[in-house]
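Colleague: Here it is, the structure, as structure tokens.
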Amino acid sequence: MAKNLFIKTYGCQMNVYDSDRMAHSLAAHGYRLVDAAEDADLVVLNTCHIREKAAEKVYSELGRLRRLREARRARDGRELTLAVAGCVAQAEGELLVERAPFVDLVVGPQAYHRLPELLARRARADGAVVDTEFPVESKFDLLEPDQPAQGVSAFLTIQEGCDKFCTFCVVPYTRGAEQSRPVVDILREADGLVASGARELVLLGQNVNAYHGEGPDGRIWGLARLLRRLAELPGLERLRYTTSHPVDMDADLVRAHGELPQLMPFLHLPVQSGSDAVLAAMNRNYSADDFRRVVDDLRAARPDIALSSDFIVGFPGETDADFAATMALVREIGFAQAFSFKYSPRPGTPASGLRRQIADRVKSDRLRELQELLERQAAEFNAASVGSTMPVLLERPGRHPGQLVGRSPYLQAIHVSAGGLTIGDLVQVRVTACHSHSLAGMVVPEAPEPRELPA
Ligand code: SAH
Ligand code: SF4
Ligand code: F3S
């Protein structure tokens with residue numbers, strides 16, 4: 001009998017990708033995806049442990065689901081199975097069951113392929129089933145293959161885990177050691193995604209530019225080589241990759257940005273801080289000047305490249321001068337987009353035990369100041385696009401009837417009027433207006449000369 005599945009996804013794009021793969025695998029076992037927990041027989045929370053707030057959200061959602069289950073049992077006796085997947089599951093394991101004993105199943109990010117078996121085990125068992133091992137087998141080999149594209153732009157995880165151990169970060173513990181998928185697997189999945197409607201692929205990994213997978217020739221391929229091979233796929237218009245580490249931005253990859261028209265001129269490159277002392281304490285393994293050099297090289301290879309980044313303020317020991325160095329770096333480089341966070345001490349990470357933790361009030365002040373600057377830069381970047389013409393890949397319907405929304409090469413959302421167009425079209429758009437978080441434009445017939453953004 002068909003069962004209803006609802007998945008709620010928190011955290012990064014890798015979780016979004018994992019949720020799709022879980023849904024696809026469970027579909028083979030009779031689960032149909034629905035839009036709300038209220039209609040579901042199985043709810044999976046695919047969780048994130050990166051900051052305290054993200055992790056705590058899971059417990060409030062679990063409380064809500066428990067009440068939903070009780071109300072339903074009282075009403076018509078219908079059951080609801082509650083599963084927690086993802087990075088909170090991995091980090092907390094049995095502890096999660098202690099805090100929320102009503103949970104049925106806890107499954108870590110590397111054990112999703114066992115979900116059907118775990119559900120069967122749960123049906124036979126009395127208490128919760130917990131699987132947070134890092135199995136020797138790769139989930140990618142065992143999950144249901146031939147995942148169809150979820151849209152015009154499709155995620156494809158090519159690398160997982162992290163060996164970098166930044167002192168603030170839980171990812172090496174929740175996702176395990178760095179692993180790259182073999183090139184043939186990636187090509188097969190990419191073929192399937194393009195065949196089912198993807199025109200853009202976003203290659204994913206916690207350290208995607210550290211990719212070093214086995215090539216069909218038996219040699220180790222880096223990300224640049226993989227991108228060159230993917231760029232040959234007929235029907236694939238655009239390539240992106242995220243998230244990158246500055247240290248792994250090697251010369252070949254920088255060169256690829258100058259060579260491959262499919263590789264979009266937008267790069268998310270988290271710097272975290274502009275202070276060398278803080279970067280060292282974070283174990284990032286680069287200085288602020290190293291980061292500047294990487295940006296210079298990228299801009300030399302692809303002058304119009306737009307940059308995005310992540311920042312942490314209030315890392316233990318961060319002084320006013322350290323923070324000023326971050327502000328100076330931002331002013332100097334100029335970011336098209338950015339994410340910034342207050343440092344959140346995470347259990348089991350080295351930085352959480354450091355003395356000289358920063359007061360929350362100071363963190364808030366610094367965050368506000370940084371975000372004001374970053375938002376101003378983002379607004380300026382968008383405003384500078386008005387009047388220019390650029391290729392836009394139409395991805396989804398707009399909020400208003402007769403409207404479609406697409407993305408510029410620089411990842412800006414652009415609204416156009418839909419007349420005669422469909423989702424998946426790649427069109428030339430003249431940008432006519434700039435709103436707070438998106439642009440508006442009109443489709444023009446002619447391909448213009450390539451545009452260069454002002455530096
Ligand atoms: N692999 C990526 C980052 C993945 S986590 C990289 O190395 O850059 C995404 C972002 O969350 C990080 O870039 C960082 O800015 C933020 N982050 C991670 N741990 C954090 C913590 N303990 N407190 C606040 N922000 C954190
Ligand atoms: Fe976390 Fe650092 Fe690894 Fe990024 S590189 S996932 S911040 S440990
Ligand atoms: Fe969060 Fe795990 Fe991604 S901690 S950011 S969901 S890798």
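Order determines the names: the first chain of the structure tokens is A, the second B, and so forth; residues in each chain are numbered 1 upward, and ligands are numbered 1 upward as they are shown.
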Residues at most 6 Å from ligand 1, using only C-alpha atoms and all ligand atoms? Could they come as number ranges by chain?
Modeller: A: 50-51, 168-169, 206-207, 243, 245, 270, 272, 310-312, 341-346
Colleague: Do a neighbour search on A:Arg361 at 12 Å with only C-alpha atoms, toss out local chain neighbours closer than 4 positions, and write the hits as a list of chain:residue names.
Modeller: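 My reading of the contact set: A:Val313, A:Gly314, A:Lys342, A:Gln357, A:Asp365, A:Arg366, A:Leu367, A:Arg368.
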Colleague: Keeping only all heavy atoms, write the selected residues to a file as a tab-separated table (two decimals), in the first residue's frame.
Modeller:
```tsv
chain	number	residue	atom	x	y	z
A	313	VAL	N	31.68	36.39	12.85
A	313	VAL	CA	32.15	37.44	13.76
A	313	VAL	C	32.10	36.92	15.19
A	313	VAL	O	31.29	36.05	15.52
A	313	VAL	CB	31.32	38.74	13.66
A	313	VAL	CG1	31.38	39.31	12.25
A	313	VAL	CG2	29.89	38.52	14.10
A	314	GLY	N	33.01	37.46	16.01
A	314	GLY	CA	33.01	37.08	17.42
A	314	GLY	C	33.62	35.72	17.69
A	314	GLY	O	33.30	35.07	18.68
A	342	LYS	N	27.13	35.08	13.70
A	342	LYS	CA	27.81	35.19	14.99
A	342	LYS	C	28.44	33.83	15.29
A	342	LYS	O	27.80	32.79	15.07
A	342	LYS	CB	26.81	35.49	16.11
A	342	LYS	CG	26.21	36.86	16.07
A	342	LYS	CD	25.56	37.16	17.41
A	342	LYS	CE	24.06	37.25	17.27
A	342	LYS	NZ	23.40	37.62	18.53
A	357	GLN	N	35.99	33.87	25.10
A	357	GLN	CA	34.77	33.88	24.27
A	357	GLN	C	34.27	35.33	24.24
A	357	GLN	O	34.47	36.09	25.18
A	357	GLN	CB	33.71	32.95	24.86
A	357	GLN	CG	34.12	31.47	24.88
A	357	GLN	CD	34.08	30.79	23.51
A	357	GLN	OE1	33.28	31.13	22.65
A	357	GLN	NE2	34.97	29.82	23.30
A	365	ASP	N	26.77	43.57	17.73
A	365	ASP	CA	27.20	44.86	17.17
A	365	ASP	C	28.04	44.64	15.91
A	365	ASP	O	27.85	45.31	14.90
A	365	ASP	CB	28.02	45.66	18.19
A	365	ASP	CG	27.13	46.22	19.30
A	365	ASP	OD1	25.89	46.19	19.13
A	365	ASP	OD2	27.68	46.65	20.34
A	366	ARG	N	28.98	43.72	16.01
A	366	ARG	CA	29.87	43.48	14.87
A	366	ARG	C	29.08	42.92	13.68
A	366	ARG	O	29.30	43.31	12.53
A	366	ARG	CB	31.01	42.52	15.26
A	366	ARG	CG	32.00	43.18	16.18
A	366	ARG	CD	33.13	42.26	16.62
A	366	ARG	NE	33.98	42.96	17.58
A	366	ARG	CZ	34.91	42.38	18.33
A	366	ARG	NH1	35.11	41.07	18.24
A	366	ARG	NH2	35.63	43.10	19.16
A	367	LEU	N	28.17	42.01	13.99
A	367	LEU	CA	27.38	41.42	12.91
A	367	LEU	C	26.57	42.49	12.18
A	367	LEU	O	26.50	42.52	10.95
A	367	LEU	CB	26.44	40.33	13.45
A	367	LEU	CG	25.71	39.52	12.38
A	367	LEU	CD1	26.68	38.68	11.56
A	367	LEU	CD2	24.65	38.61	13.00
A	368	ARG	N	25.97	43.39	12.97
A	368	ARG	CA	25.16	44.45	12.37
A	368	ARG	C	26.01	45.31	11.43
A	368	ARG	O	25.64	45.60	10.30
A	368	ARG	CB	24.50	45.30	13.46
A	368	ARG	CG	23.39	46.18	12.93
A	368	ARG	CD	22.65	46.94	14.03
A	368	ARG	NE	22.54	46.21	15.29
A	368	ARG	CZ	23.17	46.51	16.43
A	368	ARG	NH1	23.98	47.55	16.47
A	368	ARG	NH2	22.98	45.81	17.53
```
Colleague: Any idea what's packed within 7 Å of A:Asp104, counting only C-alpha atoms, ignoring anything in its chain fewer than 4 positions away? Could you give it as a list of chain:residue names?
Modeller: A:Thr81, A:Leu82, A:Ala83, A:Arg122, A:Ala128, A:Val129
Colleague: Hey, which bits of chain A sit within 10 Å of ligand 2, and for each residue what's the closest pair of atoms and how far apart in Å (one decimal), counting only C-alpha atoms and all ligand atoms, rows by chain and increasing number, as a tab-separated table?
Modeller:
```
residue	atom	partner	partner_atom_place_in_ligand_line	distance
A:Ile50	CA	ligand 2	1 (Fe)	8.6
A:Glu160	CA	ligand 2	6 (S)	9.5
A:Gly161	CA	ligand 2	6 (S)	7.3
A:Cys162	CA	ligand 2	3 (Fe)	4.7
A:Asp163	CA	ligand 2	3 (Fe)	6.4
A:Lys164	CA	ligand 2	8 (S)	4.8
A:Phe165	CA	ligand 2	8 (S)	4.0
A:Cys166	CA	ligand 2	8 (S)	4.1
A:Thr167	CA	ligand 2	8 (S)	7.1
A:Phe168	CA	ligand 2	7 (S)	7.3
A:Cys169	CA	ligand 2	1 (Fe)	4.5
A:Val170	CA	ligand 2	1 (Fe)	6.3
A:Val171	CA	ligand 2	6 (S)	5.0
A:Pro172	CA	ligand 2	8 (S)	5.7
A:Tyr173	CA	ligand 2	8 (S)	8.8
A:Thr174	CA	ligand 2	6 (S)	9.8
A:Arg175	CA	ligand 2	6 (S)	8.9
A:Ala177	CA	ligand 2	3 (Fe)	9.7
A:Glu178	CA	ligand 2	3 (Fe)	9.1
A:Gly205	CA	ligand 2	6 (S)	9.0
A:Gln206	CA	ligand 2	6 (S)	5.2
A:Asn207	CA	ligand 2	5 (S)	6.2
A:Val208	CA	ligand 2	5 (S)	9.9
A:Ala210	CA	ligand 2	5 (S)	9.8
A:Thr243	CA	ligand 2	4 (Fe)	8.0
A:Ser244	CA	ligand 2	4 (Fe)	8.1
A:His245	CA	ligand 2	5 (S)	6.2
A:Pro246	CA	ligand 2	5 (S)	9.3
A:Val247	CA	ligand 2	5 (S)	9.4
A:Pro270	CA	ligand 2	4 (Fe)	8.3
A:Val271	CA	ligand 2	7 (S)	9.6
A:Gln272	CA	ligand 2	7 (S)	8.6
A:Met282	CA	ligand 2	2 (Fe)	8.4
A:Asn283	CA	ligand 2	2 (Fe)	8.0
A:Arg284	CA	ligand 2	2 (Fe)	6.9
A:Asn285	CA	ligand 2	5 (S)	9.9
A:Asp310	CA	ligand 2	7 (S)	9.5
A:Thr349	CA	ligand 2	8 (S)	9.8
```
Colleague: Could you write out the selected residues, including N, CA, C and O atoms, as a compact mmCIF listing (two decimals), in the first residue's frame?
Modeller:
```txt
# COMPACT_ATOMS: atom_id res chain seq x y z
N ILE A 50 25.15 22.99 12.22
CA ILE A 50 26.27 23.92 12.04
C ILE A 50 26.32 24.99 13.12
O ILE A 50 27.39 25.35 13.60
N GLU A 160 32.07 14.54 -0.52
CA GLU A 160 31.44 14.71 0.79
C GLU A 160 32.48 14.69 1.89
O GLU A 160 33.58 14.18 1.71
N GLY A 161 32.08 15.22 3.02
CA GLY A 161 32.94 15.17 4.19
C GLY A 161 34.05 16.19 4.13
O GLY A 161 34.18 16.94 3.16
N CYS A 162 34.84 16.25 5.18
CA CYS A 162 35.87 17.27 5.27
C CYS A 162 36.98 16.82 6.19
O CYS A 162 36.73 16.28 7.27
N ASP A 163 38.23 17.05 5.76
CA ASP A 163 39.40 16.71 6.58
C ASP A 163 40.07 17.97 7.10
O ASP A 163 41.19 17.91 7.60
N LYS A 164 39.45 19.13 6.97
CA LYS A 164 40.16 20.37 7.27
C LYS A 164 40.12 20.75 8.74
O LYS A 164 40.99 21.43 9.24
N PHE A 165 39.11 20.34 9.43
CA PHE A 165 39.01 20.60 10.87
C PHE A 165 39.25 22.06 11.26
O PHE A 165 40.12 22.36 12.08
N CYS A 166 38.51 22.95 10.67
CA CYS A 166 38.49 24.33 11.18
C CYS A 166 38.00 24.23 12.62
O CYS A 166 37.10 23.43 12.92
N THR A 167 38.56 25.05 13.50
CA THR A 167 38.34 24.80 14.93
C THR A 167 36.91 25.12 15.39
O THR A 167 36.52 24.74 16.48
N PHE A 168 36.13 25.80 14.52
CA PHE A 168 34.75 26.14 14.91
C PHE A 168 33.72 25.15 14.40
O PHE A 168 32.55 25.24 14.74
N CYS A 169 34.13 24.20 13.54
CA CYS A 169 33.16 23.56 12.65
C CYS A 169 32.87 22.09 12.98
O CYS A 169 33.76 21.31 13.27
N VAL A 170 31.60 21.73 12.88
CA VAL A 170 31.18 20.36 13.19
C VAL A 170 31.23 19.41 11.99
O VAL A 170 31.12 18.19 12.15
N VAL A 171 31.38 19.98 10.79
CA VAL A 171 31.20 19.14 9.59
C VAL A 171 32.12 17.91 9.54
O VAL A 171 31.66 16.82 9.19
N PRO A 172 33.41 18.05 9.89
CA PRO A 172 34.25 16.84 9.84
C PRO A 172 33.72 15.71 10.74
O PRO A 172 33.96 14.54 10.47
N TYR A 173 32.99 16.10 11.79
CA TYR A 173 32.46 15.09 12.70
C TYR A 173 31.11 14.55 12.20
O TYR A 173 30.79 13.38 12.41
N THR A 174 30.30 15.42 11.59
CA THR A 174 28.97 14.96 11.18
C THR A 174 28.97 14.29 9.82
O THR A 174 28.17 13.40 9.56
N ARG A 175 29.87 14.70 8.94
CA ARG A 175 29.87 14.14 7.58
C ARG A 175 31.01 13.16 7.37
O ARG A 175 31.06 12.48 6.35
N ALA A 177 35.07 11.76 6.93
CA ALA A 177 36.26 12.10 6.15
C ALA A 177 35.90 12.44 4.71
O ALA A 177 34.87 12.03 4.20
N GLU A 178 36.80 13.21 4.11
CA GLU A 178 36.59 13.64 2.73
C GLU A 178 36.59 12.44 1.78
O GLU A 178 37.47 11.59 1.86
N GLY A 205 29.79 19.89 -2.68
CA GLY A 205 30.68 19.23 -1.75
C GLY A 205 30.98 20.19 -0.62
O GLY A 205 30.93 21.40 -0.84
N GLN A 206 31.27 19.69 0.56
CA GLN A 206 31.66 20.58 1.65
C GLN A 206 32.95 21.30 1.31
O GLN A 206 33.22 22.39 1.78
N ASN A 207 33.78 20.62 0.51
CA ASN A 207 35.02 21.20 0.01
C ASN A 207 35.12 20.79 -1.43
O ASN A 207 35.99 20.02 -1.80
N VAL A 208 34.24 21.30 -2.23
CA VAL A 208 34.05 20.75 -3.57
C VAL A 208 35.30 20.92 -4.41
O VAL A 208 35.60 20.08 -5.26
N ALA A 210 38.27 20.58 -3.42
CA ALA A 210 39.29 19.59 -3.03
C ALA A 210 39.01 18.26 -3.74
O ALA A 210 39.66 17.26 -3.48
N THR A 243 30.61 24.14 -1.99
CA THR A 243 31.34 25.28 -1.47
C THR A 243 32.84 25.06 -1.57
O THR A 243 33.29 23.95 -1.32
N SER A 244 33.55 26.09 -1.85
CA SER A 244 34.98 25.97 -2.07
C SER A 244 35.79 26.48 -0.88
O SER A 244 35.32 27.35 -0.15
N HIS A 245 36.98 25.95 -0.76
CA HIS A 245 37.91 26.44 0.26
C HIS A 245 39.03 27.20 -0.46
O HIS A 245 39.54 26.71 -1.47
N PRO A 246 39.41 28.39 0.03
CA PRO A 246 40.43 29.18 -0.66
C PRO A 246 41.73 28.41 -0.92
O PRO A 246 42.36 28.60 -1.96
N VAL A 247 42.11 27.54 0.02
CA VAL A 247 43.37 26.81 -0.13
C VAL A 247 43.35 25.87 -1.34
O VAL A 247 44.39 25.57 -1.94
N PRO A 270 34.20 31.13 0.86
CA PRO A 270 34.16 31.62 2.25
C PRO A 270 35.53 32.03 2.76
O PRO A 270 36.48 31.27 2.65
N VAL A 271 35.62 33.24 3.30
CA VAL A 271 36.89 33.72 3.86
C VAL A 271 36.86 33.69 5.39
O VAL A 271 37.88 33.54 6.02
N GLN A 272 35.69 33.84 5.98
CA GLN A 272 35.44 33.80 7.44
C GLN A 272 35.91 35.03 8.19
O GLN A 272 35.20 35.56 9.02
N MET A 282 41.46 29.84 13.70
CA MET A 282 40.40 29.02 13.08
C MET A 282 40.95 27.80 12.35
O MET A 282 40.19 26.97 11.89
N ASN A 283 42.28 27.76 12.19
CA ASN A 283 42.92 26.69 11.42
C ASN A 283 42.49 26.70 9.96
O ASN A 283 42.26 25.65 9.36
N ARG A 284 42.40 27.89 9.38
CA ARG A 284 41.98 27.98 7.98
C ARG A 284 43.14 27.75 7.01
O ARG A 284 42.93 27.54 5.81
N ASN A 285 44.37 27.90 7.52
CA ASN A 285 45.54 27.63 6.66
C ASN A 285 45.75 28.60 5.50
O ASN A 285 46.32 28.23 4.47
N ASP A 310 31.37 33.67 3.10
CA ASP A 310 30.84 33.49 4.46
C ASP A 310 31.76 34.17 5.46
O ASP A 310 32.99 34.16 5.28
N THR A 349 33.97 20.80 19.39
CA THR A 349 34.93 21.48 18.51
C THR A 349 35.95 22.24 19.36
O THR A 349 35.61 22.75 20.43
```
Colleague: Which of these, A:Ala231, A:Ala125, A:Ala413, A:Val84, has the shortest distance to A:Tyr112 once you count only C-alpha atoms?
Modeller: A:Val84
Colleague: At a cut-off of 6 Å around ligand 3, and using only C-alpha atoms and all ligand atoms, what residues come up? Please write them as a PyMOL selection string.
Modeller: chain A and resi 11-12+15+47-50+87+171
Colleague: Rounded to one decimal, what separation in Å do you get between atom CA of A:Ser196 and atom CA of A:Phe155?
Modeller: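 Between atom CA of A:Ser196 and atom CA of A:Phe155 the gap works out to 13.0 Å.
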Colleague: Using backbone DSSP assignments, extract all alpha helix (DSSP H) residues from stretch 258-330 of chain A; output them as a PyMOL selection string.
Modeller: chain A and resi 258-259+276-281+288-301+320-330
Colleague: Keeping N, CA and C atoms, export the residues of the selection given above as an mmCIF file, in the first residue's frame.
Modeller:
```cif
data_model
loop_
_atom_site.group_PDB
_atom_site.id
_atom_site.type_symbol
_atom_site.label_atom_id
_atom_site.label_comp_id
_atom_site.auth_asym_id
_atom_site.auth_seq_id
_atom_site.Cartn_x
_atom_site.Cartn_y
_atom_site.Cartn_z
ATOM 1 N N GLY A 258 38.574 30.892 -16.799
ATOM 2 C CA GLY A 258 38.822 31.716 -17.972
ATOM 3 C C GLY A 258 38.492 30.991 -19.266
ATOM 4 N N GLU A 259 38.407 29.650 -19.202
ATOM 5 C CA GLU A 259 38.277 28.856 -20.428
ATOM 6 C C GLU A 259 36.864 28.413 -20.752
ATOM 7 N N ASP A 276 44.592 37.851 10.185
ATOM 8 C CA ASP A 276 45.470 36.673 10.148
ATOM 9 C C ASP A 276 45.482 35.918 11.470
ATOM 10 N N ALA A 277 45.390 36.661 12.575
ATOM 11 C CA ALA A 277 45.408 35.987 13.881
ATOM 12 C C ALA A 277 44.162 35.108 14.035
ATOM 13 N N VAL A 278 43.023 35.634 13.631
ATOM 14 C CA VAL A 278 41.781 34.857 13.744
ATOM 15 C C VAL A 278 41.804 33.686 12.760
ATOM 16 N N LEU A 279 42.270 33.938 11.542
ATOM 17 C CA LEU A 279 42.333 32.852 10.550
ATOM 18 C C LEU A 279 43.219 31.716 11.057
ATOM 19 N N ALA A 280 44.322 32.083 11.719
ATOM 20 C CA ALA A 280 45.215 31.049 12.255
ATOM 21 C C ALA A 280 44.509 30.280 13.369
ATOM 22 N N ALA A 281 43.825 31.006 14.260
ATOM 23 C CA ALA A 281 43.122 30.338 15.365
ATOM 24 C C ALA A 281 41.977 29.472 14.850
ATOM 25 N N ALA A 288 44.990 36.549 5.104
ATOM 26 C CA ALA A 288 44.109 37.453 4.356
ATOM 27 C C ALA A 288 44.732 37.778 2.993
ATOM 28 N N ASP A 289 46.084 37.923 2.972
ATOM 29 C CA ASP A 289 46.737 38.207 1.685
ATOM 30 C C ASP A 289 46.655 37.018 0.728
ATOM 31 N N ASP A 290 46.732 35.803 1.267
ATOM 32 C CA ASP A 290 46.545 34.625 0.394
ATOM 33 C C ASP A 290 45.183 34.712 -0.284
ATOM 34 N N PHE A 291 44.178 35.069 0.502
ATOM 35 C CA PHE A 291 42.826 35.178 -0.054
ATOM 36 C C PHE A 291 42.776 36.257 -1.131
ATOM 37 N N ARG A 292 43.411 37.404 -0.844
ATOM 38 C CA ARG A 292 43.449 38.489 -1.838
ATOM 39 C C ARG A 292 44.086 38.010 -3.143
ATOM 40 N N ARG A 293 45.161 37.228 -3.007
ATOM 41 C CA ARG A 293 45.840 36.726 -4.216
ATOM 42 C C ARG A 293 44.935 35.805 -5.018
ATOM 43 N N VAL A 294 44.196 34.928 -4.317
ATOM 44 C CA VAL A 294 43.273 34.033 -5.027
ATOM 45 C C VAL A 294 42.251 34.856 -5.796
ATOM 46 N N VAL A 295 41.728 35.888 -5.148
ATOM 47 C CA VAL A 295 40.729 36.743 -5.811
ATOM 48 C C VAL A 295 41.350 37.458 -7.020
ATOM 49 N N ASP A 296 42.579 37.955 -6.847
ATOM 50 C CA ASP A 296 43.258 38.612 -7.973
ATOM 51 C C ASP A 296 43.405 37.651 -9.150
ATOM 52 N N ASP A 297 43.827 36.420 -8.858
ATOM 53 C CA ASP A 297 44.023 35.428 -9.932
ATOM 54 C C ASP A 297 42.707 35.134 -10.637
ATOM 55 N N LEU A 298 41.644 34.978 -9.842
ATOM 56 C CA LEU A 298 40.333 34.693 -10.434
ATOM 57 C C LEU A 298 39.886 35.843 -11.326
ATOM 58 N N ARG A 299 40.112 37.061 -10.852
ATOM 59 C CA ARG A 299 39.679 38.225 -11.632
ATOM 60 C C ARG A 299 40.535 38.397 -12.885
ATOM 61 N N ALA A 300 41.794 37.965 -12.805
ATOM 62 C CA ALA A 300 42.637 38.028 -13.998
ATOM 63 C C ALA A 300 42.133 37.018 -15.033
ATOM 64 N N ALA A 301 41.710 35.837 -14.554
ATOM 65 C CA ALA A 301 41.242 34.794 -15.474
ATOM 66 C C ALA A 301 39.862 35.121 -16.027
ATOM 67 N N ASP A 320 38.824 44.218 18.501
ATOM 68 C CA ASP A 320 38.284 45.263 17.627
ATOM 69 C C ASP A 320 39.142 45.395 16.371
ATOM 70 N N ALA A 321 40.464 45.261 16.559
ATOM 71 C CA ALA A 321 41.375 45.400 15.411
ATOM 72 C C ALA A 321 41.172 44.230 14.442
ATOM 73 N N ASP A 322 40.956 43.023 14.976
ATOM 74 C CA ASP A 322 40.700 41.870 14.095
ATOM 75 C C ASP A 322 39.439 42.110 13.275
ATOM 76 N N PHE A 323 38.412 42.588 13.967
ATOM 77 C CA PHE A 323 37.155 42.829 13.261
ATOM 78 C C PHE A 323 37.327 43.927 12.208
ATOM 79 N N ALA A 324 38.103 44.947 12.566
ATOM 80 C CA ALA A 324 38.352 46.026 11.595
ATOM 81 C C ALA A 324 39.047 45.468 10.353
ATOM 82 N N ALA A 325 39.900 44.478 10.542
ATOM 83 C CA ALA A 325 40.592 43.868 9.392
ATOM 84 C C ALA A 325 39.591 43.146 8.482
ATOM 85 N N THR A 326 38.569 42.549 9.080
ATOM 86 C CA THR A 326 37.518 41.909 8.267
ATOM 87 C C THR A 326 36.768 42.962 7.462
ATOM 88 N N MET A 327 36.411 44.056 8.135
ATOM 89 C CA MET A 327 35.687 45.134 7.435
ATOM 90 C C MET A 327 36.539 45.684 6.279
ATOM 91 N N ALA A 328 37.847 45.830 6.536
ATOM 92 C CA ALA A 328 38.735 46.382 5.507
ATOM 93 C C ALA A 328 38.796 45.430 4.308
ATOM 94 N N LEU A 329 38.875 44.148 4.582
ATOM 95 C CA LEU A 329 38.934 43.161 3.492
ATOM 96 C C LEU A 329 37.660 43.218 2.650
ATOM 97 N N VAL A 330 36.535 43.321 3.310
ATOM 98 C CA VAL A 330 35.256 43.370 2.586
ATOM 99 C C VAL A 330 35.204 44.620 1.705
#
```
Colleague: Contacts of A:Arg21 at 8 Å or less, counting only C-alpha atoms, minus same-chain residues fewer than 3 places along, as a ChimeraX atom specification?
Modeller: /A:17-18,24-25,143-144,147
Colleague: Can you tell me which residues surround A:Val427 at a distance of at most 12 Å, considering only C-alpha atoms, apart from same-chain residues fewer than 6 positions away, and format the answer as an MDAnalysis selection string?
Modeller: chainID A and resid 237 389:395 404:409 414 416:418 420:421 441:448
Colleague: Among stretch 296-454 of chain A, which residues carry a DSSP assignment of strand (DSSP E), reported as a ChimeraX atom specification?
Modeller: /A:306-313,337-342,389-397,403-407,413-417,426-434,439-444
Colleague: For atom CA of A:Glu94 and atom CA of A:Asp41, determine how far apart the two atoms are, in Å to one decimal place.
Modeller: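 Between atom CA of A:Glu94 and atom CA of A:Asp41 the gap works out to 23.3 Å.
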Colleague: Write out as a compact mmCIF listing (two decimals) with N, CA and C atoms, in the first residue's frame which residues come within 8 Å of A:Gly108 when counting only C-alpha atoms, dropping same-chain ones fewer than 2 positions away.
Modeller:
```txt
# COMPACT_ATOMS: atom_id res chain seq x y z
N ALA A 85 17.15 12.61 10.34
CA ALA A 85 18.31 12.31 9.51
C ALA A 85 19.26 13.50 9.56
N GLY A 86 20.38 13.40 8.90
CA GLY A 86 21.26 14.55 8.74
C GLY A 86 22.24 14.74 9.89
N CYS A 87 22.74 15.98 9.99
CA CYS A 87 23.90 16.23 10.84
C CYS A 87 23.59 16.25 12.34
N ALA A 89 21.36 14.25 13.68
CA ALA A 89 21.27 12.81 13.92
C ALA A 89 22.66 12.24 14.13
N GLN A 90 23.58 12.63 13.25
CA GLN A 90 24.94 12.10 13.35
C GLN A 90 25.62 12.57 14.63
N VAL A 106 16.79 7.30 13.94
CA VAL A 106 17.83 8.30 13.82
C VAL A 106 18.85 7.77 12.82
N GLN A 110 25.56 9.36 6.22
CA GLN A 110 26.22 8.36 5.36
C GLN A 110 25.47 7.04 5.36
N ALA A 111 24.31 6.97 6.00
CA ALA A 111 23.61 5.68 6.12
C ALA A 111 22.21 5.71 5.50
N TYR A 112 21.93 6.74 4.67
CA TYR A 112 20.58 6.86 4.09
C TYR A 112 20.16 5.66 3.26
N ASP A 131 21.10 4.58 13.65
CA ASP A 131 22.21 4.17 12.80
C ASP A 131 23.05 5.39 12.43
N THR A 132 24.15 5.57 13.17
CA THR A 132 25.02 6.72 12.89
C THR A 132 26.44 6.24 12.61
N GLU A 133 26.55 5.02 12.08
CA GLU A 133 27.89 4.56 11.72
C GLU A 133 28.30 5.18 10.41
N THR A 174 30.30 15.42 11.59
CA THR A 174 28.97 14.96 11.18
C THR A 174 28.97 14.29 9.82
```
Colleague: Would you work out the distance separating atom CA of A:Arg356 from atom CA of A:Glu369, expressed in Å to one decimal?
Modeller: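 If I compute the distance from atom CA of A:Arg356 to atom CA of A:Glu369, I get 21.3 Å.
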Colleague: Have a look at A:Ala251, A:Glu52, A:Lys8, A:Asp126 and name the one nearest to A:Ser352; count only C-alpha atoms.
Modeller: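 Ranked by minimum distance to A:Ser352, first place goes to A:Glu52.
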